[in-house]
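Comments concern the structure below.
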Amino acid sequence: MSPFPSSASRTENWHHLRVTTQDGVVTVTLARPEKLNALTFGAYADLRDLLAELSRERSVRALVLAGEGRGFCSGGDVDEIIGATLAMDTAQLLDFNRMTGLVVRALRECPFPVVAAVHGVAAGAGAVLALAADFRVADPSAKFAFLFTRVGLSGGDMGAAYLLPRVVGLGHATRLLMLGDPVRAPEAERIGLISELAEEGGADERAAALARRLADGPALALAQTKALLTAELDMPLAASVEMDAATQALLMHGEDYAEFHTAFAEKRPPKWQGR
């Protein structure tokens, strides 16, 4: 995403999200607990626009995506979205589905690591939001469910058919996307869907600690690592190693690389500047 802002000022109030910032870590909380944080048209649009704004801010070092109340996110609101989409024409439906895909692209393309803190249910679009994060920290009682075929739609929604096989392998992805059965945290950890299994009730705290560790690290190196992980998913080896070489050559001119050498010589921790 381009770091160059327009003349518009940053949005201070988000109607469908709660956004807090502390020392470079932004916490975005889905705040509709009475509906298990079910997503509305406005919530999707807010996520899309917020991620674009944060991606232009050099001060953001990491992001935590969390859910308020009993669960992470139960997916798209049945009444507000499914009911409304039945009355839409094809052009409107395409606009809506493209918007949901833009949210996933924004999570993958933003220049900072994203940590999903999952407790309770992460279902449908909620499961894909967690999947699109760089890390997923979950309570033992958390469960993931890709429910799209259960409502008569393709399991390949919002990039799920692209991302999930690359995280858990084609076999597990086929089972999860076709059957839509819930996967509880212990199995999710076993197949690689979870990055870290927290103690019960501890996902938010552990996710915040991981985000803090990432935010205190070499921001430019982490941003480039994330960019390469996404870009090289579809590249042949020759193109990948060439892109790695070009990236490393640029980073070797960076201040953080020189700072590591100085810190090593002085026997102290590096003071990363993200440059």
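Each chain of the structure tokens is named A, B, ... in the order shown, its residues numbered from 1; ligands are numbered from 1 in display order.
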Which residues are near region 107-123 of chain A? Cut-off 7 Å, only C-alpha atoms, ignore same chain within fewer than 5 positions. Put them as a ChimeraX atom specification.
/A:1,55,61-66,70-75,130,132-139,141-147,203-204,207,211,223,227
Tell me, as a list in words, which residues lie within 9 Å of region 175-181 of chain A, counting only C-alpha atoms; anything in the same chain fewer than 4 positions away does not count.
Gly124, Phe144, Ala145, Phe146, Leu147, Phe148, Thr149, Arg150, Ser154, Gly155, Gly156, Ala160, Ala161, Leu164, Leu170 and Gly171 of chain A
Writer output for current selection, N, CA, C and O atoms, as an mmCIF file, in the first residue's frame:
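Saved file again_15.cif follows:
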data_model
loop_
_atom_site.group_PDB
_atom_site.id
_atom_site.type_symbol
_atom_site.label_atom_id
_atom_site.label_comp_id
_atom_site.auth_asym_id
_atom_site.auth_seq_id
_atom_site.Cartn_x
_atom_site.Cartn_y
_atom_site.Cartn_z
ATOM 1 N N GLY A 124 -17.069 -18.587 9.551
ATOM 2 C CA GLY A 124 -17.318 -17.912 8.284
ATOM 3 C C GLY A 124 -16.277 -16.854 8.002
ATOM 4 O O GLY A 124 -15.070 -17.110 8.021
ATOM 5 N N PHE A 144 -12.709 -22.831 15.053
ATOM 6 C CA PHE A 144 -12.747 -22.221 13.734
ATOM 7 C C PHE A 144 -13.718 -23.020 12.861
ATOM 8 O O PHE A 144 -13.739 -24.242 12.907
ATOM 9 N N ALA A 145 -14.501 -22.305 12.058
ATOM 10 C CA ALA A 145 -15.432 -22.994 11.166
ATOM 11 C C ALA A 145 -15.609 -22.179 9.895
ATOM 12 O O ALA A 145 -16.011 -21.011 9.956
ATOM 13 N N PHE A 146 -15.278 -22.783 8.767
ATOM 14 C CA PHE A 146 -15.435 -22.140 7.465
ATOM 15 C C PHE A 146 -16.778 -22.610 6.897
ATOM 16 O O PHE A 146 -16.868 -23.653 6.253
ATOM 17 N N LEU A 147 -17.806 -21.835 7.136
ATOM 18 C CA LEU A 147 -19.194 -22.286 6.980
ATOM 19 C C LEU A 147 -19.826 -21.989 5.629
ATOM 20 O O LEU A 147 -21.034 -22.168 5.469
ATOM 21 N N PHE A 148 -19.079 -21.554 4.662
ATOM 22 C CA PHE A 148 -19.668 -21.015 3.433
ATOM 23 C C PHE A 148 -20.516 -22.043 2.686
ATOM 24 O O PHE A 148 -21.587 -21.730 2.175
ATOM 25 N N THR A 149 -20.056 -23.302 2.607
ATOM 26 C CA THR A 149 -20.872 -24.299 1.910
ATOM 27 C C THR A 149 -22.148 -24.606 2.687
ATOM 28 O O THR A 149 -23.132 -25.062 2.107
ATOM 29 N N ARG A 150 -22.157 -24.350 3.988
ATOM 30 C CA ARG A 150 -23.341 -24.610 4.806
ATOM 31 C C ARG A 150 -24.494 -23.665 4.447
ATOM 32 O O ARG A 150 -25.639 -23.936 4.799
ATOM 33 N N SER A 154 -19.770 -21.113 -2.224
ATOM 34 C CA SER A 154 -18.458 -21.730 -2.367
ATOM 35 C C SER A 154 -17.633 -21.545 -1.100
ATOM 36 O O SER A 154 -17.665 -20.490 -0.460
ATOM 37 N N GLY A 155 -16.882 -22.594 -0.767
ATOM 38 C CA GLY A 155 -15.970 -22.485 0.359
ATOM 39 C C GLY A 155 -14.821 -21.536 0.098
ATOM 40 O O GLY A 155 -14.144 -21.099 1.030
ATOM 41 N N GLY A 156 -14.603 -21.197 -1.165
ATOM 42 C CA GLY A 156 -13.513 -20.291 -1.527
ATOM 43 C C GLY A 156 -13.937 -18.845 -1.435
ATOM 44 O O GLY A 156 -13.914 -18.125 -2.438
ATOM 45 N N ALA A 160 -10.208 -17.603 0.952
ATOM 46 C CA ALA A 160 -9.967 -18.774 1.804
ATOM 47 C C ALA A 160 -9.340 -19.926 1.034
ATOM 48 O O ALA A 160 -8.470 -20.639 1.553
ATOM 49 N N ALA A 161 -9.773 -20.143 -0.219
ATOM 50 C CA ALA A 161 -9.231 -21.253 -1.001
ATOM 51 C C ALA A 161 -7.791 -20.998 -1.432
ATOM 52 O O ALA A 161 -7.083 -21.932 -1.818
ATOM 53 N N LEU A 164 -5.896 -20.870 2.893
ATOM 54 C CA LEU A 164 -5.948 -22.010 3.804
ATOM 55 C C LEU A 164 -5.047 -23.172 3.375
ATOM 56 O O LEU A 164 -4.341 -23.744 4.223
ATOM 57 N N LEU A 170 -3.303 -28.820 1.426
ATOM 58 C CA LEU A 170 -4.484 -29.002 0.594
ATOM 59 C C LEU A 170 -5.487 -29.975 1.205
ATOM 60 O O LEU A 170 -6.702 -29.749 1.150
ATOM 61 N N GLY A 171 -5.010 -31.047 1.806
ATOM 62 C CA GLY A 171 -5.919 -32.042 2.354
ATOM 63 C C GLY A 171 -6.794 -31.481 3.461
ATOM 64 O O GLY A 171 -8.022 -31.636 3.457
#
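Interatomic distance, CA of Ala31 (chain A) to CA of Glu68 (chain A): 5.4 Å.
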I'd like the neighbourhood of Gly274 (chain A) as a count of residues only, where a residue qualifies if any of its atoms comes within 7 Å (using only C-alpha atoms), though same-chain residues fewer than 4 positions away should be ignored.
4
Check region 129-163 of chain A with DSSP on the backbone and list each residue it calls alpha helix (DSSP H), as a count of residues only.
8
I'd like the neighbourhood of Gly192 (chain A) as a list of chain:residue names, where a residue qualifies if any of its atoms comes within 9 Å (using only C-alpha atoms), though same-chain residues fewer than 2 positions away should be ignored.
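In the requested format, the answer is A:Val167, A:Val168, A:Gly169, A:Glu187, A:Ala188, A:Glu189, A:Arg190, A:Ile194, A:Ser195.
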How would the residues just picked look written out with C-alpha atoms as a PDB file, in the first residue's frame?
ATOM      1  CA  VAL A 167      -1.355 -22.604   5.942  1.00  0.00           C
ATOM      2  CA  VAL A 168      -2.617 -26.145   6.644  1.00  0.00           C
ATOM      3  CA  GLY A 169      -2.061 -28.019   3.358  1.00  0.00           C
ATOM      4  CA  GLU A 187      -6.686 -29.786  16.368  1.00  0.00           C
ATOM      5  CA  ALA A 188      -6.216 -26.334  14.840  1.00  0.00           C
ATOM      6  CA  GLU A 189      -2.814 -26.168  16.527  1.00  0.00           C
ATOM      7  CA  ARG A 190      -1.932 -29.668  15.309  1.00  0.00           C
ATOM      8  CA  ILE A 194      -2.933 -21.734  15.261  1.00  0.00           C
ATOM      9  CA  SER A 195       0.421 -20.061  15.867  1.00  0.00           C
TER      10      SER A 195
END
Using backbone DSSP assignments, extract all strand (DSSP E) residues from region 38-139 of chain A; output them as JSON, numbers by chain.
{"A": [62, 63, 64, 65, 66, 67, 114, 115, 116, 117, 118, 121, 122, 123, 135, 136, 137, 138]}
For the residues selected in the previous step, produce a file with N, CA and C atoms as an mmCIF file, in the first residue's frame.
data_model
loop_
_atom_site.group_PDB
_atom_site.id
_atom_site.type_symbol
_atom_site.label_atom_id
_atom_site.label_comp_id
_atom_site.auth_asym_id
_atom_site.auth_seq_id
_atom_site.Cartn_x
_atom_site.Cartn_y
_atom_site.Cartn_z
ATOM 1 N N ALA A 62 2.671 -2.837 14.776
ATOM 2 C CA ALA A 62 1.984 -4.122 14.859
ATOM 3 C C ALA A 62 0.509 -3.867 15.132
ATOM 4 N N LEU A 63 -0.328 -4.851 14.782
ATOM 5 C CA LEU A 63 -1.773 -4.718 14.975
ATOM 6 C C LEU A 63 -2.323 -5.989 15.590
ATOM 7 N N VAL A 64 -3.183 -5.828 16.582
ATOM 8 C CA VAL A 64 -3.918 -6.937 17.180
ATOM 9 C C VAL A 64 -5.363 -6.829 16.732
ATOM 10 N N LEU A 65 -5.910 -7.922 16.215
ATOM 11 C CA LEU A 65 -7.319 -7.985 15.824
ATOM 12 C C LEU A 65 -8.022 -8.898 16.823
ATOM 13 N N ALA A 66 -9.002 -8.340 17.533
ATOM 14 C CA ALA A 66 -9.660 -9.073 18.609
ATOM 15 C C ALA A 66 -11.170 -8.915 18.504
ATOM 16 N N GLY A 67 -11.882 -9.673 19.318
ATOM 17 C CA GLY A 67 -13.334 -9.589 19.378
ATOM 18 C C GLY A 67 -13.795 -9.394 20.808
ATOM 19 N N VAL A 114 0.219 -8.622 11.760
ATOM 20 C CA VAL A 114 -1.126 -8.654 12.343
ATOM 21 C C VAL A 114 -1.261 -9.921 13.176
ATOM 22 N N VAL A 115 -1.722 -9.757 14.414
ATOM 23 C CA VAL A 115 -1.924 -10.882 15.331
ATOM 24 C C VAL A 115 -3.408 -10.976 15.644
ATOM 25 N N ALA A 116 -4.028 -12.107 15.332
ATOM 26 C CA ALA A 116 -5.432 -12.329 15.681
ATOM 27 C C ALA A 116 -5.500 -13.005 17.041
ATOM 28 N N ALA A 117 -6.288 -12.421 17.947
ATOM 29 C CA ALA A 117 -6.517 -12.993 19.276
ATOM 30 C C ALA A 117 -7.888 -13.664 19.247
ATOM 31 N N VAL A 118 -7.904 -14.990 19.235
ATOM 32 C CA VAL A 118 -9.149 -15.722 19.001
ATOM 33 C C VAL A 118 -9.612 -16.424 20.270
ATOM 34 N N VAL A 121 -15.836 -18.450 19.190
ATOM 35 C CA VAL A 121 -16.012 -18.858 17.800
ATOM 36 C C VAL A 121 -15.353 -17.876 16.825
ATOM 37 N N ALA A 122 -14.728 -18.439 15.802
ATOM 38 C CA ALA A 122 -14.282 -17.692 14.624
ATOM 39 C C ALA A 122 -14.882 -18.433 13.442
ATOM 40 N N ALA A 123 -16.000 -17.940 12.943
ATOM 41 C CA ALA A 123 -16.764 -18.689 11.952
ATOM 42 C C ALA A 123 -16.956 -17.876 10.685
ATOM 43 N N PHE A 135 -0.294 -14.047 12.511
ATOM 44 C CA PHE A 135 -0.246 -14.953 13.662
ATOM 45 C C PHE A 135 -1.666 -15.117 14.206
ATOM 46 N N ARG A 136 -1.957 -16.324 14.696
ATOM 47 C CA ARG A 136 -3.233 -16.585 15.351
ATOM 48 C C ARG A 136 -2.949 -17.159 16.734
ATOM 49 N N VAL A 137 -3.322 -16.400 17.759
ATOM 50 C CA VAL A 137 -3.185 -16.838 19.146
ATOM 51 C C VAL A 137 -4.585 -17.169 19.645
ATOM 52 N N ALA A 138 -4.780 -18.359 20.204
ATOM 53 C CA ALA A 138 -6.132 -18.804 20.521
ATOM 54 C C ALA A 138 -6.216 -19.437 21.898
#
Which one is closest to Leu47 (chain A): A:Ala245, A:Leu129, A:Ile191, A:Met252? Count only C-alpha atoms.
A:Leu129
